[in-house]
>>> print(open('my_file_15.txt').read())   # compact mmCIF, N, CA and C atoms
# COMPACT_ATOMS: atom_id res chain seq x y z
N MET Y 1 7.60 6.70 -11.33
CA MET Y 1 6.64 6.94 -10.28
C MET Y 1 7.22 6.40 -8.98
N ARG Y 2 7.18 7.23 -7.95
CA ARG Y 2 7.78 6.84 -6.68
C ARG Y 2 6.70 6.71 -5.63
N ALA Y 3 6.67 5.59 -4.95
CA ALA Y 3 5.68 5.35 -3.89
C ALA Y 3 6.30 5.73 -2.55
N GLY Y 4 5.47 6.22 -1.66
CA GLY Y 4 5.94 6.53 -0.32
C GLY Y 4 6.25 5.27 0.46
N ALA Y 5 6.99 5.42 1.54
CA ALA Y 5 7.38 4.27 2.36
C ALA Y 5 6.18 3.54 2.91
N SER Y 6 5.13 4.28 3.30
CA SER Y 6 3.95 3.61 3.87
C SER Y 6 3.25 2.77 2.81
N GLY Y 7 3.23 3.23 1.56
CA GLY Y 7 2.66 2.45 0.48
C GLY Y 7 3.44 1.18 0.21
N LEU Y 8 4.75 1.30 0.27
CA LEU Y 8 5.60 0.13 0.07
C LEU Y 8 5.44 -0.86 1.22
N THR Y 9 5.26 -0.36 2.41
CA THR Y 9 5.05 -1.24 3.56
C THR Y 9 3.77 -2.04 3.40
N ALA Y 10 2.72 -1.37 2.93
CA ALA Y 10 1.45 -2.07 2.70
C ALA Y 10 1.61 -3.12 1.61
N GLU Y 11 2.31 -2.76 0.52
CA GLU Y 11 2.54 -3.72 -0.55
C GLU Y 11 3.37 -4.90 -0.05
N ALA Y 12 4.39 -4.61 0.73
CA ALA Y 12 5.23 -5.68 1.27
C ALA Y 12 4.41 -6.61 2.16
N GLY Y 13 3.50 -6.05 2.94
CA GLY Y 13 2.63 -6.87 3.79
C GLY Y 13 1.74 -7.78 2.97
N LEU Y 14 1.21 -7.25 1.87
CA LEU Y 14 0.37 -8.06 0.99
C LEU Y 14 1.18 -9.20 0.39
N PHE Y 15 2.35 -8.89 -0.15
CA PHE Y 15 3.17 -9.94 -0.74
C PHE Y 15 3.66 -10.93 0.31
N HIS Y 16 3.91 -10.46 1.52
CA HIS Y 16 4.28 -11.38 2.60
C HIS Y 16 3.14 -12.36 2.86
N ALA Y 17 1.91 -11.87 2.88
CA ALA Y 17 0.77 -12.74 3.14
C ALA Y 17 0.66 -13.82 2.06
N LEU Y 18 1.08 -13.50 0.85
CA LEU Y 18 0.99 -14.46 -0.25
C LEU Y 18 2.29 -15.23 -0.47
N SER Y 19 3.28 -15.02 0.39
CA SER Y 19 4.59 -15.63 0.17
C SER Y 19 4.71 -17.04 0.73
N ASP Y 20 3.77 -17.46 1.53
CA ASP Y 20 3.84 -18.78 2.15
C ASP Y 20 3.01 -19.78 1.35
N PRO Y 21 3.59 -20.92 0.96
CA PRO Y 21 2.84 -21.91 0.18
C PRO Y 21 1.55 -22.38 0.86
N SER Y 22 1.57 -22.53 2.18
CA SER Y 22 0.36 -22.96 2.89
C SER Y 22 -0.72 -21.88 2.82
N ARG Y 23 -0.33 -20.62 2.92
CA ARG Y 23 -1.33 -19.55 2.81
C ARG Y 23 -1.90 -19.51 1.39
N LEU Y 24 -1.05 -19.73 0.40
CA LEU Y 24 -1.55 -19.77 -0.98
C LEU Y 24 -2.54 -20.93 -1.16
N LEU Y 25 -2.26 -22.07 -0.56
CA LEU Y 25 -3.22 -23.18 -0.62
C LEU Y 25 -4.54 -22.81 0.04
N ILE Y 26 -4.47 -22.14 1.16
CA ILE Y 26 -5.69 -21.70 1.85
C ILE Y 26 -6.47 -20.75 0.96
N VAL Y 27 -5.78 -19.78 0.36
CA VAL Y 27 -6.44 -18.82 -0.52
C VAL Y 27 -7.11 -19.55 -1.69
N ARG Y 28 -6.38 -20.46 -2.30
CA ARG Y 28 -6.95 -21.20 -3.44
C ARG Y 28 -8.13 -22.06 -3.01
N HIS Y 29 -8.07 -22.61 -1.82
CA HIS Y 29 -9.19 -23.41 -1.32
C HIS Y 29 -10.40 -22.53 -1.03
N LEU Y 30 -10.16 -21.36 -0.45
CA LEU Y 30 -11.28 -20.44 -0.17
C LEU Y 30 -11.88 -19.88 -1.45
N ALA Y 31 -11.12 -19.89 -2.55
CA ALA Y 31 -11.67 -19.46 -3.83
C ALA Y 31 -12.79 -20.39 -4.29
N LEU Y 32 -12.81 -21.60 -3.75
CA LEU Y 32 -13.86 -22.56 -4.08
C LEU Y 32 -15.12 -22.33 -3.26
N GLY Y 33 -15.03 -21.52 -2.20
CA GLY Y 33 -16.18 -21.23 -1.36
C GLY Y 33 -15.79 -21.14 0.11
N GLU Y 34 -16.77 -20.82 0.94
CA GLU Y 34 -16.53 -20.66 2.38
C GLU Y 34 -16.12 -21.99 3.01
N HIS Y 35 -15.25 -21.90 4.02
CA HIS Y 35 -14.80 -23.08 4.75
C HIS Y 35 -14.62 -22.75 6.22
N ARG Y 36 -14.84 -23.76 7.05
CA ARG Y 36 -14.49 -23.67 8.46
C ARG Y 36 -13.03 -24.08 8.62
N VAL Y 37 -12.43 -23.69 9.72
CA VAL Y 37 -11.04 -24.07 10.00
C VAL Y 37 -10.91 -25.59 9.97
N VAL Y 38 -11.85 -26.29 10.58
CA VAL Y 38 -11.77 -27.75 10.63
C VAL Y 38 -11.80 -28.36 9.23
N ASP Y 39 -12.54 -27.75 8.32
CA ASP Y 39 -12.57 -28.24 6.93
C ASP Y 39 -11.22 -28.01 6.26
N LEU Y 40 -10.64 -26.83 6.48
CA LEU Y 40 -9.35 -26.53 5.88
C LEU Y 40 -8.27 -27.46 6.42
N THR Y 41 -8.30 -27.76 7.72
CA THR Y 41 -7.29 -28.67 8.28
C THR Y 41 -7.42 -30.06 7.65
N ALA Y 42 -8.64 -30.52 7.46
CA ALA Y 42 -8.87 -31.83 6.86
C ALA Y 42 -8.42 -31.86 5.40
N HIS Y 43 -8.77 -30.84 4.65
CA HIS Y 43 -8.44 -30.81 3.23
C HIS Y 43 -6.96 -30.61 2.97
N LEU Y 44 -6.31 -29.81 3.80
CA LEU Y 44 -4.93 -29.42 3.52
C LEU Y 44 -3.90 -30.20 4.35
N GLY Y 45 -4.36 -30.95 5.35
CA GLY Y 45 -3.44 -31.74 6.16
C GLY Y 45 -2.57 -30.89 7.07
N LEU Y 46 -3.06 -29.72 7.46
CA LEU Y 46 -2.33 -28.83 8.35
C LEU Y 46 -2.96 -28.86 9.73
N ALA Y 47 -2.18 -28.54 10.74
CA ALA Y 47 -2.70 -28.47 12.11
C ALA Y 47 -3.67 -27.30 12.25
N GLN Y 48 -4.61 -27.44 13.16
CA GLN Y 48 -5.61 -26.39 13.38
C GLN Y 48 -4.93 -25.07 13.74
N SER Y 49 -3.92 -25.13 14.59
CA SER Y 49 -3.25 -23.89 15.01
C SER Y 49 -2.53 -23.24 13.83
N THR Y 50 -1.98 -24.04 12.95
CA THR Y 50 -1.30 -23.52 11.76
C THR Y 50 -2.29 -22.82 10.84
N VAL Y 51 -3.42 -23.47 10.57
CA VAL Y 51 -4.44 -22.87 9.72
C VAL Y 51 -4.94 -21.56 10.34
N SER Y 52 -5.18 -21.57 11.64
CA SER Y 52 -5.66 -20.36 12.32
C SER Y 52 -4.65 -19.23 12.22
N GLN Y 53 -3.36 -19.53 12.38
CA GLN Y 53 -2.33 -18.50 12.26
C GLN Y 53 -2.28 -17.93 10.84
N HIS Y 54 -2.37 -18.81 9.85
CA HIS Y 54 -2.35 -18.35 8.46
C HIS Y 54 -3.59 -17.50 8.16
N LEU Y 55 -4.75 -17.91 8.64
CA LEU Y 55 -5.96 -17.12 8.43
C LEU Y 55 -5.85 -15.76 9.10
N ALA Y 56 -5.23 -15.70 10.26
CA ALA Y 56 -5.04 -14.42 10.95
C ALA Y 56 -4.16 -13.49 10.12
N CYS Y 57 -3.10 -14.03 9.53
CA CYS Y 57 -2.22 -13.24 8.66
C CYS Y 57 -2.99 -12.71 7.46
N LEU Y 58 -3.76 -13.59 6.82
CA LEU Y 58 -4.55 -13.19 5.66
C LEU Y 58 -5.63 -12.18 6.04
N ARG Y 59 -6.21 -12.34 7.22
CA ARG Y 59 -7.22 -11.39 7.70
C ARG Y 59 -6.60 -10.03 7.97
N ASP Y 60 -5.41 -10.02 8.58
CA ASP Y 60 -4.74 -8.76 8.89
C ASP Y 60 -4.42 -7.96 7.62
N CYS Y 61 -4.25 -8.64 6.50
CA CYS Y 61 -4.01 -7.97 5.22
C CYS Y 61 -5.31 -7.66 4.49
N GLY Y 62 -6.43 -8.04 5.07
CA GLY Y 62 -7.72 -7.76 4.46
C GLY Y 62 -8.11 -8.70 3.33
N LEU Y 63 -7.43 -9.84 3.24
CA LEU Y 63 -7.70 -10.77 2.15
C LEU Y 63 -8.83 -11.76 2.46
N VAL Y 64 -9.07 -12.03 3.74
CA VAL Y 64 -10.13 -12.95 4.13
C VAL Y 64 -10.97 -12.34 5.24
N THR Y 65 -12.14 -12.87 5.39
CA THR Y 65 -13.04 -12.46 6.47
C THR Y 65 -13.76 -13.69 6.97
N SER Y 66 -14.37 -13.57 8.13
CA SER Y 66 -15.13 -14.70 8.67
C SER Y 66 -16.48 -14.21 9.16
N ARG Y 67 -17.39 -15.15 9.23
CA ARG Y 67 -18.72 -14.87 9.79
C ARG Y 67 -19.10 -16.04 10.67
N PRO Y 68 -19.79 -15.76 11.76
CA PRO Y 68 -20.18 -16.86 12.66
C PRO Y 68 -21.22 -17.76 12.02
N GLU Y 69 -21.07 -19.03 12.27
CA GLU Y 69 -22.03 -20.05 11.82
C GLU Y 69 -22.13 -21.07 12.95
N GLY Y 70 -23.13 -20.91 13.80
CA GLY Y 70 -23.22 -21.75 14.98
C GLY Y 70 -22.05 -21.47 15.90
N ARG Y 71 -21.36 -22.54 16.28
CA ARG Y 71 -20.19 -22.38 17.16
C ARG Y 71 -18.89 -22.20 16.38
N ALA Y 72 -18.97 -22.25 15.07
CA ALA Y 72 -17.78 -22.12 14.23
C ALA Y 72 -17.83 -20.80 13.46
N SER Y 73 -16.79 -20.56 12.71
CA SER Y 73 -16.73 -19.41 11.81
C SER Y 73 -16.50 -19.92 10.40
N LEU Y 74 -17.18 -19.31 9.45
CA LEU Y 74 -16.96 -19.61 8.04
C LEU Y 74 -16.06 -18.54 7.45
N TRP Y 75 -14.99 -18.97 6.82
CA TRP Y 75 -14.00 -18.07 6.25
C TRP Y 75 -14.20 -17.97 4.75
N SER Y 76 -13.97 -16.77 4.21
CA SER Y 76 -14.10 -16.55 2.78
C SER Y 76 -13.14 -15.45 2.35
N LEU Y 77 -12.93 -15.35 1.04
CA LEU Y 77 -12.10 -14.29 0.47
C LEU Y 77 -12.90 -13.00 0.44
N THR Y 78 -12.24 -11.88 0.69
CA THR Y 78 -12.93 -10.59 0.69
C THR Y 78 -13.07 -10.01 -0.72
N HIS Y 79 -12.06 -10.17 -1.54
CA HIS Y 79 -12.06 -9.61 -2.90
C HIS Y 79 -11.60 -10.70 -3.85
N GLN Y 80 -12.44 -11.70 -4.03
CA GLN Y 80 -12.04 -12.91 -4.74
C GLN Y 80 -11.56 -12.65 -6.16
N ALA Y 81 -12.30 -11.92 -6.94
CA ALA Y 81 -11.92 -11.71 -8.34
C ALA Y 81 -10.57 -11.01 -8.45
N GLN Y 82 -10.35 -10.00 -7.64
CA GLN Y 82 -9.08 -9.27 -7.69
C GLN Y 82 -7.92 -10.14 -7.22
N LEU Y 83 -8.14 -10.93 -6.18
CA LEU Y 83 -7.09 -11.81 -5.67
C LEU Y 83 -6.75 -12.88 -6.69
N GLU Y 84 -7.77 -13.44 -7.33
CA GLU Y 84 -7.52 -14.43 -8.38
C GLU Y 84 -6.75 -13.79 -9.53
N GLY Y 85 -7.03 -12.51 -9.82
CA GLY Y 85 -6.29 -11.79 -10.85
C GLY Y 85 -4.82 -11.65 -10.50
N VAL Y 86 -4.54 -11.36 -9.23
CA VAL Y 86 -3.14 -11.26 -8.78
C VAL Y 86 -2.43 -12.60 -8.94
N LEU Y 87 -3.09 -13.67 -8.56
CA LEU Y 87 -2.48 -15.00 -8.67
C LEU Y 87 -2.28 -15.39 -10.13
N GLU Y 88 -3.24 -15.07 -10.99
CA GLU Y 88 -3.08 -15.35 -12.41
C GLU Y 88 -1.93 -14.53 -13.01
N SER Y 89 -1.81 -13.27 -12.58
CA SER Y 89 -0.70 -12.44 -13.04
C SER Y 89 0.63 -13.02 -12.60
N ALA Y 90 0.69 -13.53 -11.39
CA ALA Y 90 1.91 -14.16 -10.88
C ALA Y 90 2.27 -15.37 -11.72
N GLU Y 91 1.27 -16.18 -12.08
CA GLU Y 91 1.54 -17.36 -12.91
C GLU Y 91 2.05 -16.94 -14.30
N ARG Y 92 1.47 -15.88 -14.88
CA ARG Y 92 1.94 -15.39 -16.18
C ARG Y 92 3.37 -14.87 -16.08
N LEU Y 93 3.68 -14.14 -15.00
CA LEU Y 93 5.03 -13.63 -14.81
C LEU Y 93 6.02 -14.78 -14.64
N LEU Y 94 5.64 -15.80 -13.89
CA LEU Y 94 6.52 -16.97 -13.74
C LEU Y 94 6.77 -17.64 -15.08
N ALA Y 95 5.74 -17.72 -15.91
CA ALA Y 95 5.90 -18.32 -17.24
C ALA Y 95 6.87 -17.49 -18.08
N LEU Y 96 6.77 -16.17 -17.99
CA LEU Y 96 7.67 -15.30 -18.76
C LEU Y 96 9.12 -15.43 -18.29
N THR Y 97 9.31 -15.68 -17.01
CA THR Y 97 10.67 -15.80 -16.48
C THR Y 97 11.23 -17.21 -16.64
N GLY Y 98 10.39 -18.11 -17.15
CA GLY Y 98 10.85 -19.49 -17.35
C GLY Y 98 10.67 -20.35 -16.12
N VAL Y 99 10.05 -19.80 -15.09
CA VAL Y 99 9.80 -20.57 -13.87
C VAL Y 99 8.35 -20.99 -13.90
N SER Y 100 8.11 -22.27 -13.85
CA SER Y 100 6.74 -22.78 -13.88
C SER Y 100 6.27 -23.02 -12.47
N SER Y 101 5.09 -22.51 -12.17
CA SER Y 101 4.54 -22.77 -10.84
C SER Y 101 4.20 -24.24 -10.69
N GLY Y 102 3.82 -24.89 -11.79
CA GLY Y 102 3.51 -26.31 -11.74
C GLY Y 102 2.36 -26.64 -10.83
N HIS Y 103 1.60 -25.64 -10.46
CA HIS Y 103 0.52 -25.86 -9.50
C HIS Y 103 -0.81 -25.50 -10.15
N HIS Y 104 -1.61 -26.50 -10.35
CA HIS Y 104 -2.95 -26.29 -10.87
C HIS Y 104 -3.91 -26.79 -9.81
N TYR Y 105 -4.24 -25.92 -8.90
CA TYR Y 105 -5.00 -26.26 -7.70
C TYR Y 105 -6.30 -26.95 -8.04
N GLU Y 106 -7.06 -26.40 -8.98
CA GLU Y 106 -8.37 -26.93 -9.29
C GLU Y 106 -8.30 -28.38 -9.76
N GLU Y 107 -7.22 -28.73 -10.46
CA GLU Y 107 -7.06 -30.09 -10.95
C GLU Y 107 -6.80 -31.06 -9.81
N ARG Y 108 -6.12 -30.63 -8.76
CA ARG Y 108 -5.77 -31.50 -7.66
C ARG Y 108 -6.81 -31.49 -6.55
N HIS Y 109 -7.69 -30.50 -6.53
CA HIS Y 109 -8.70 -30.37 -5.48
C HIS Y 109 -10.05 -30.07 -6.10
N PRO Y 110 -10.69 -31.08 -6.67
CA PRO Y 110 -11.99 -30.82 -7.32
C PRO Y 110 -13.06 -30.40 -6.34
>>> encode(input="my_file_15.txt", output="structure tokens")
Amino acid sequence: MRAGASGLTAEAGLFHALSDPSRLLIVRHLALGEHRVVDLTAHLGLAQSTVSQHLACLRDCGLVTSRPEGRASLWSLTHQAQLEGVLESAERLLALTGVSSGHHYEERHP
């Protein structure tokens, strides 16, 4: 089966959005529920501008969305179950290749 170049570009964009460890941490944190940027900066130890840039990348790929809450915005995953499925598939693939992700987010961030 051969995909067109535009399909591959979209796939590459999705994998690019998930290729950064900080973005993966943000995704895993948002899987726990909605968060403001200030909450993510506190929990993850990243600068506000860094978190905002990562959220913009994830938003551009359609993975996250925000809604206004007072003067802030609450961020959440758009397709949580499917995104968690992709991450679980990645962990299974890493296990098959002998590469362990060694990352159990829920255990480190209750």
>>> atom_distance(input="my_file_15.txt", atom1="atom CA of Y:Leu77", atom2="atom C of Y:Val64")
5.3 Å
>>> residues_around(input="my_file_15.txt", residues="Y:Val38", least_positions_apart="3", cutoff="7 Å", atoms="only C-alpha atoms", output="PyMOL selection string")
chain Y and resi 41-42+48
>>> residues_around(input="my_file_15.txt", residues="stretch 57-60 of chain Y", least_positions_apart="5", cutoff="12 Å", atoms="only C-alpha atoms", output="list in words")
Ala10, Gly13, Leu14, Phe15, His16, Ala17, Leu18, Ser19, Asp20, Ser22, Arg23, Leu24, Leu25, Ile26, Val27, Leu30, Thr50, Val51, Ser52, Thr65, Ser66, Trp75, Ser76, Leu77, Thr78, His79 and Leu83 of chain Y
>>> atom_distance(input="my_file_15.txt", atom1="atom N of Y:Leu8", atom2="atom C of Y:Ala81")
21.5 Å
>>> closest_residue(input="my_file_15.txt", among="Y:Glu91, Y:Glu84, Y:Asp39, Y:Glu34", to="Y:Pro68", atoms="only C-alpha atoms")
Y:Glu34
>>> select_by_dssp(input="my_file_15.txt", residues="stretch 10-76 of chain Y", states="strand (DSSP E or B)", output="PyMOL selection string")
chain Y and resi 35+64-69+72-76
>>> axis_aligned_box(input="my_file_15.txt", around="stretch 34-45 of chain Y", padding_each_side="3 Å", output="AutoDock Vina command-line options")
--center_x -9.7 --center_y -26.3 --center_z 5.8 --size_x 20.2 --size_y 17.2 --size_z 15.7
>>> atom_distance(input="my_file_15.txt", atom1="atom CA of Y:Gln82", atom2="atom CA of Y:Gly62")
12.3 Å
>>> closest_residue(input="my_file_15.txt", among="Y:Leu93, Y:Val99, Y:Val86, Y:Leu74", to="Y:Val37", atoms="all atoms listed in the file")
Y:Leu74
>>> decode(input="my_file_15.txt", residues="stretch 46-101 of chain Y", atoms="C-alpha atoms", output="PDB file, in the first residue's frame")
ATOM      1  CA  LEU Y  46       9.807  23.982  32.186  1.00  0.00           C
ATOM      2  CA  ALA Y  47       9.712  27.674  31.343  1.00  0.00           C
ATOM      3  CA  GLN Y  48       6.337  29.182  30.475  1.00  0.00           C
ATOM      4  CA  SER Y  49       7.505  30.068  26.973  1.00  0.00           C
ATOM      5  CA  THR Y  50       8.733  26.507  26.410  1.00  0.00           C
ATOM      6  CA  VAL Y  51       5.427  24.987  27.523  1.00  0.00           C
ATOM      7  CA  SER Y  52       3.514  27.449  25.335  1.00  0.00           C
ATOM      8  CA  GLN Y  53       5.650  26.588  22.287  1.00  0.00           C
ATOM      9  CA  HIS Y  54       5.158  22.864  22.857  1.00  0.00           C
ATOM     10  CA  LEU Y  55       1.400  23.316  23.289  1.00  0.00           C
ATOM     11  CA  ALA Y  56       1.287  25.298  20.038  1.00  0.00           C
ATOM     12  CA  CYS Y  57       3.036  22.434  18.218  1.00  0.00           C
ATOM     13  CA  LEU Y  58       0.623  19.895  19.701  1.00  0.00           C
ATOM     14  CA  ARG Y  59      -2.334  22.148  18.856  1.00  0.00           C
ATOM     15  CA  ASP Y  60      -1.163  22.567  15.252  1.00  0.00           C
ATOM     16  CA  CYS Y  61      -1.249  18.761  14.916  1.00  0.00           C
ATOM     17  CA  GLY Y  62      -4.727  18.636  16.418  1.00  0.00           C
ATOM     18  CA  LEU Y  63      -3.623  16.734  19.514  1.00  0.00           C
ATOM     19  CA  VAL Y  64      -4.613  19.351  22.113  1.00  0.00           C
ATOM     20  CA  THR Y  65      -7.171  22.080  22.470  1.00  0.00           C
ATOM     21  CA  SER Y  66      -7.814  24.866  24.938  1.00  0.00           C
ATOM     22  CA  ARG Y  67     -10.814  26.603  26.390  1.00  0.00           C
ATOM     23  CA  PRO Y  68     -10.935  29.901  28.254  1.00  0.00           C
ATOM     24  CA  GLU Y  69     -11.258  29.777  32.021  1.00  0.00           C
ATOM     25  CA  GLY Y  70     -11.230  33.277  33.461  1.00  0.00           C
ATOM     26  CA  ARG Y  71      -8.028  34.945  32.350  1.00  0.00           C
ATOM     27  CA  ALA Y  72      -6.307  31.630  31.642  1.00  0.00           C
ATOM     28  CA  SER Y  73      -6.825  28.769  29.231  1.00  0.00           C
ATOM     29  CA  LEU Y  74      -7.340  25.146  30.192  1.00  0.00           C
ATOM     30  CA  TRP Y  75      -5.575  22.695  27.906  1.00  0.00           C
ATOM     31  CA  SER Y  76      -6.705  19.139  27.221  1.00  0.00           C
ATOM     32  CA  LEU Y  77      -6.162  16.272  24.793  1.00  0.00           C
ATOM     33  CA  THR Y  78      -8.518  16.192  21.818  1.00  0.00           C
ATOM     34  CA  HIS Y  79      -8.548  12.419  21.227  1.00  0.00           C
ATOM     35  CA  GLN Y  80      -7.270  11.006  24.494  1.00  0.00           C
ATOM     36  CA  ALA Y  81      -8.079   7.320  24.028  1.00  0.00           C
ATOM     37  CA  GLN Y  82      -6.559   7.180  20.543  1.00  0.00           C
ATOM     38  CA  LEU Y  83      -3.445   9.101  21.598  1.00  0.00           C
ATOM     39  CA  GLU Y  84      -2.956   6.838  24.598  1.00  0.00           C
ATOM     40  CA  GLY Y  85      -3.292   3.892  22.193  1.00  0.00           C
ATOM     41  CA  VAL Y  86      -0.504   5.308  20.016  1.00  0.00           C
ATOM     42  CA  LEU Y  87       1.751   5.744  23.048  1.00  0.00           C
ATOM     43  CA  GLU Y  88       0.976   2.226  24.295  1.00  0.00           C
ATOM     44  CA  SER Y  89       1.742   0.852  20.817  1.00  0.00           C
ATOM     45  CA  ALA Y  90       5.057   2.714  20.857  1.00  0.00           C
ATOM     46  CA  GLU Y  91       5.928   1.167  24.227  1.00  0.00           C
ATOM     47  CA  ARG Y  92       5.067  -2.327  22.904  1.00  0.00           C
ATOM     48  CA  LEU Y  93       7.187  -1.730  19.796  1.00  0.00           C
ATOM     49  CA  LEU Y  94      10.101  -0.549  21.941  1.00  0.00           C
ATOM     50  CA  ALA Y  95       9.784  -3.706  24.036  1.00  0.00           C
ATOM     51  CA  LEU Y  96       9.861  -5.855  20.884  1.00  0.00           C
ATOM     52  CA  THR Y  97      12.996  -4.093  19.660  1.00  0.00           C
ATOM     53  CA  GLY Y  98      14.689  -4.538  23.018  1.00  0.00           C
ATOM     54  CA  VAL Y  99      14.604  -0.834  23.786  1.00  0.00           C
ATOM     55  CA  SER Y 100      12.855  -0.048  27.040  1.00  0.00           C
ATOM     56  CA  SER Y 101      11.208   3.308  27.402  1.00  0.00           C
TER      57      SER Y 101
END
